[in-house]
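Encoded as structure tokens, the structure appears first; notes follow it.
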Number of protein chains: 2
Amino acid sequence: MSLIVQKYGGTSVGTTDRIKAVAERVKRTVDAGHKVAVVVSAMSGETNRLIGLSAEMSKRPLPREMDVLVSTGEQVTMALLCMALKELGQDARSYTGAQAGILTDDSHNKARITDIDTDAVMADLNNGMVAVIAGFQGISNEGRVTTLGRGGSDTSAVAMAAALKADECQIYTDVDGVYTTDPRVVPNARKMDRITFEEMLEMASLGSKVLQIRAVEFAGKYNVTLRVLSSFKEGDGTLITIDEDNPVEQALISGIAFNRDEAQITVLGVPDKPGIAYQILGPVADANIEVDMILQNISGDNVTDFTFTVNRTDYDRTMEICKARAAELGAVDVSGRTDIAKVSVVGVGMRSHAGIASKMFSALADEAINILMISTSEIKISVVVDEKYLELGVRTLHDVFELAQA
Amino acid sequence: MSLIVQKYGGTSVGTTDRIKAVAERVKRTVDAGHKVAVVVSAMSGETNRLIGLSAEMSKRPLPREMDVLVSTGEQVTMALLCMALKELGQDARSYTGAQAGILTDDSHNKARITDIDTDAVMADLNNGMVAVIAGFQGISNEGRVTTLGRGGSDTSAVAMAAALKADECQIYTDVDGVYTTDPRVVPNARKMDRITFEEMLEMASLGSKVLQIRAVEFAGKYNVTLRVLSSFKEGDGTLITIDEDNPVEQALISGIAFNRDEAQITVLGVPDKPGIAYQILGPVADANIEVDMILQNISGDNVTDFTFTVNRTDYDRTMEICKARAAELGAVDVSGRTDIAKVSVVGVGMRSHAGIASKMFSALADEAINILMISTSEIKISVVVDEKYLELGVRTLHDVFELAQA
């Protein structure tokens, strides 16, 4: 007998019929001899409906009451799922975040879980009941409802799995697993049977959004075995485990991630003095704009070109800041562009193998795709290219690293 | 400075604009120097929407989870109202039933309040905050959400008022007070400035549904000064107080109540033996059917006719039971009719005045309205008449007791 935590997202519980289908899946898991705790999201559309109501009340609704409001979405789902389980003859009990003992700090709308008191849930599981827990919410020290921020239900599930010492945390979503790249770009993209936490983090943060990144971090930290599955079709999904599980089988490259939401800014002809990076990026950071890749060219005459990327939505603000700064620094000009994209190859295998970068660059060169920027980490290599080459670049790399084959 | 509990029903908070209007009214009360605790219902339509969802899950949804589900309705309202108050510069905090310390027994869907721990709410009120409390809900000893049954928000308000030792409990609704009778039947029906708890109970249970009867009982028991007002127009509404407040001013008759949902059943020619009433009504009571008026005629030959009234929705079931019973008891026949109605005159003044009944009967006789049954209590006289005479009877009695004049 295993203890399994299953998490169902908004689309999976989007209608009463889908909630019934979830109940059947939960029941099957119980019938297979497992203890099951279920973490649910709000029915799709419900959270937006509630946010819409709050927007009618106030432009800046009280964060504390915002949490009270949106947390009702998951409460509706959990009650309906318990009813559906009872219809199937399966005893179940619902738990708000507070009832499930999910303690958080008091940062309303973006709380962090500080502790979980699993006594009540564990007692129900040991009595043969299914515990249905509202995701995305907890309770502060002061007894106020908190939420973990949008998408936080994944984190709730992983945290419950860690606290319950679950054998597996299954995240049910509308895709059947993690793919080597986006199948809409590369039709023969392959669903991976397994991937490491580190790779998953790189894949997620680079745009393959299957799982919330905080949930993956949490799972990695507490070594929770995570599995992504589809709630609409059968299958084993993708298992997300620690690296050491089976290093031998590990492929060189696991997947190709990409991101279109990129913008590039170059401060041209800055006098090349120590501290120049800080002087340009300091005001950008002060404006809460996240900088991704950074490149500094030494040209002649003691001047340098300083290039970096930000999220495309931050482009206008960043240009404004840099133009003001450039004048003060005596730079020649500031230029920028938003028609760029980032493509990354990700794989823990590249730790122990040289030559990945050159293989990547030569494959792109063969297709006449110009590389604008490069950045590397232990398990990924990212390049910035013209946005128009994005699909071609992704397909080319998917082919050259033979990702369609297991 | 007074402490005032205000309760707003579903229509009063039916849209975001109406919630804003409620916020303005609450703010005005605070600005007038009062401490204010607000009890809110779900936005009109919301509870039915939630019940609709549950009906799709199960024909007999788990009562425990039903409470979890429907209690979200009030939580949405309380959060939105706090946001609206904050927009007006008024600090406010929301409270679920549990957070407000409303303890109940564990009868899900129809729980009774056992105790209220007002510490948290009182602390907020003393700090100049408005406390916005979800009506209709509480928490059981086991920490599970309970609901007081539909319309229970009135009871929540009265119970909070009693526990907080409030100076007044104001029930805001879509009518501007309690009328001498239904203005749709008698256009010159008059809004009463005050009415006693006892009269209100008779008026409510007889069909003038402004306030939940349990709330009135509760208010009477704990001597909570209750006021019914409109949330849509200004005015002092109707004050509901104990009898002793000003016996001198008390009118002879306060109002005319009526009820169409009546049905009459007669068991004819029953052998007149001791215990016959029990033998007929026992099985009816066993079927959870409530009997209202009862009449036993002694005819000759040691046989009797036994007549009683039930709610019209229980008519078919009651007929079935009585027919089966009649055969066993050797009765001649069972007859019944559903085209009857009950009209009642209500007033604490009749305690000390004779002649009310004869005045009532003669007025009805003057209009050739035949009285089918009569029942009396200390402060009311009810008659059953043909349903077709209902409006005429109500108008006649409203006139003869001069209720249009204050």
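Letters for chains follow the order of the structure tokens (A, B, ...), residue numbers begin at 1 for each chain, and ligand numbers begin at 1 in the order shown.
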Can you tell me which residues surround Ser352 in chain A at a distance of at most 10 Å, considering only C-alpha atoms, apart from same-chain residues fewer than 4 positions away, and format the answer as a list in words? Leu252, Val348, Glu378 and Ile379 of chain A
Keeping only N, CA and C atoms, write the selected residues as a PDB file, in the first residue's frame.
ATOM      1  N   LEU A 252      21.887  12.574 -23.231  1.00  0.00           N
ATOM      2  CA  LEU A 252      22.782  13.714 -23.293  1.00  0.00           C
ATOM      3  C   LEU A 252      21.968  14.998 -23.143  1.00  0.00           C
ATOM      4  N   VAL A 348      20.959  17.095 -18.193  1.00  0.00           N
ATOM      5  CA  VAL A 348      21.990  16.858 -17.184  1.00  0.00           C
ATOM      6  C   VAL A 348      23.179  16.124 -17.788  1.00  0.00           C
ATOM      7  N   GLU A 378      25.407  24.826 -16.188  1.00  0.00           N
ATOM      8  CA  GLU A 378      25.897  23.446 -16.131  1.00  0.00           C
ATOM      9  C   GLU A 378      25.061  22.512 -16.978  1.00  0.00           C
ATOM     10  N   ILE A 379      23.753  22.747 -17.007  1.00  0.00           N
ATOM     11  CA  ILE A 379      22.891  21.780 -17.705  1.00  0.00           C
ATOM     12  C   ILE A 379      22.083  22.414 -18.832  1.00  0.00           C
TER      13      ILE A 379
END
Non-local contacts of Leu201 in chain A (8 Å; only C-alpha atoms; under 2 positions in same chain excluded) as a PDB file with C-alpha atoms, in the first residue's frame:
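Output saved as around-v7.pdb:
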ATOM      1  CA  PHE A 197      14.279  18.111 -11.191  1.00  0.00           C
ATOM      2  CA  GLU A 198      17.075  20.302 -12.489  1.00  0.00           C
ATOM      3  CA  GLU A 199      16.116  19.755 -16.098  1.00  0.00           C
ATOM      4  CA  MET A 203      12.447  23.534 -19.022  1.00  0.00           C
ATOM      5  CA  ALA A 204       9.771  25.252 -16.944  1.00  0.00           C
ATOM      6  CA  SER A 205      11.553  28.557 -16.518  1.00  0.00           C
ATOM      7  CA  ILE A 213       8.471  26.289 -10.897  1.00  0.00           C
ATOM      8  CA  VAL A 216       9.415  21.724  -8.735  1.00  0.00           C
ATOM      9  CA  GLU A 217      11.926  23.479  -6.480  1.00  0.00           C
TER      10      GLU A 217
END
Residues of chain B were defined as contacting chain A if any atom lay at most 6 Å from it, counting only C-alpha atoms; please report them as an MDAnalysis selection string. chainID B and resid 57 61:62 65 69 72 76 79 83:84
Using DSSP on the backbone coordinates, identify the residues of range 87-249 of chain A assigned to strand (DSSP E or B); present them as a PyMOL selection string. chain A and resi 92-95+102-104+113-116+130-134+137-139+145-147+168-173+179+191+194-196+226-230+238-241
With a distance cut-off of 7 Å and only C-alpha atoms, select the neighbouring residues of Ser2 in chain A, excluding the residue or stretch itself and same-chain residues fewer than 2 positions from it, and output the selection as a list of chain:residue names. A:Ile4, A:His34, A:Lys35, A:Asp167
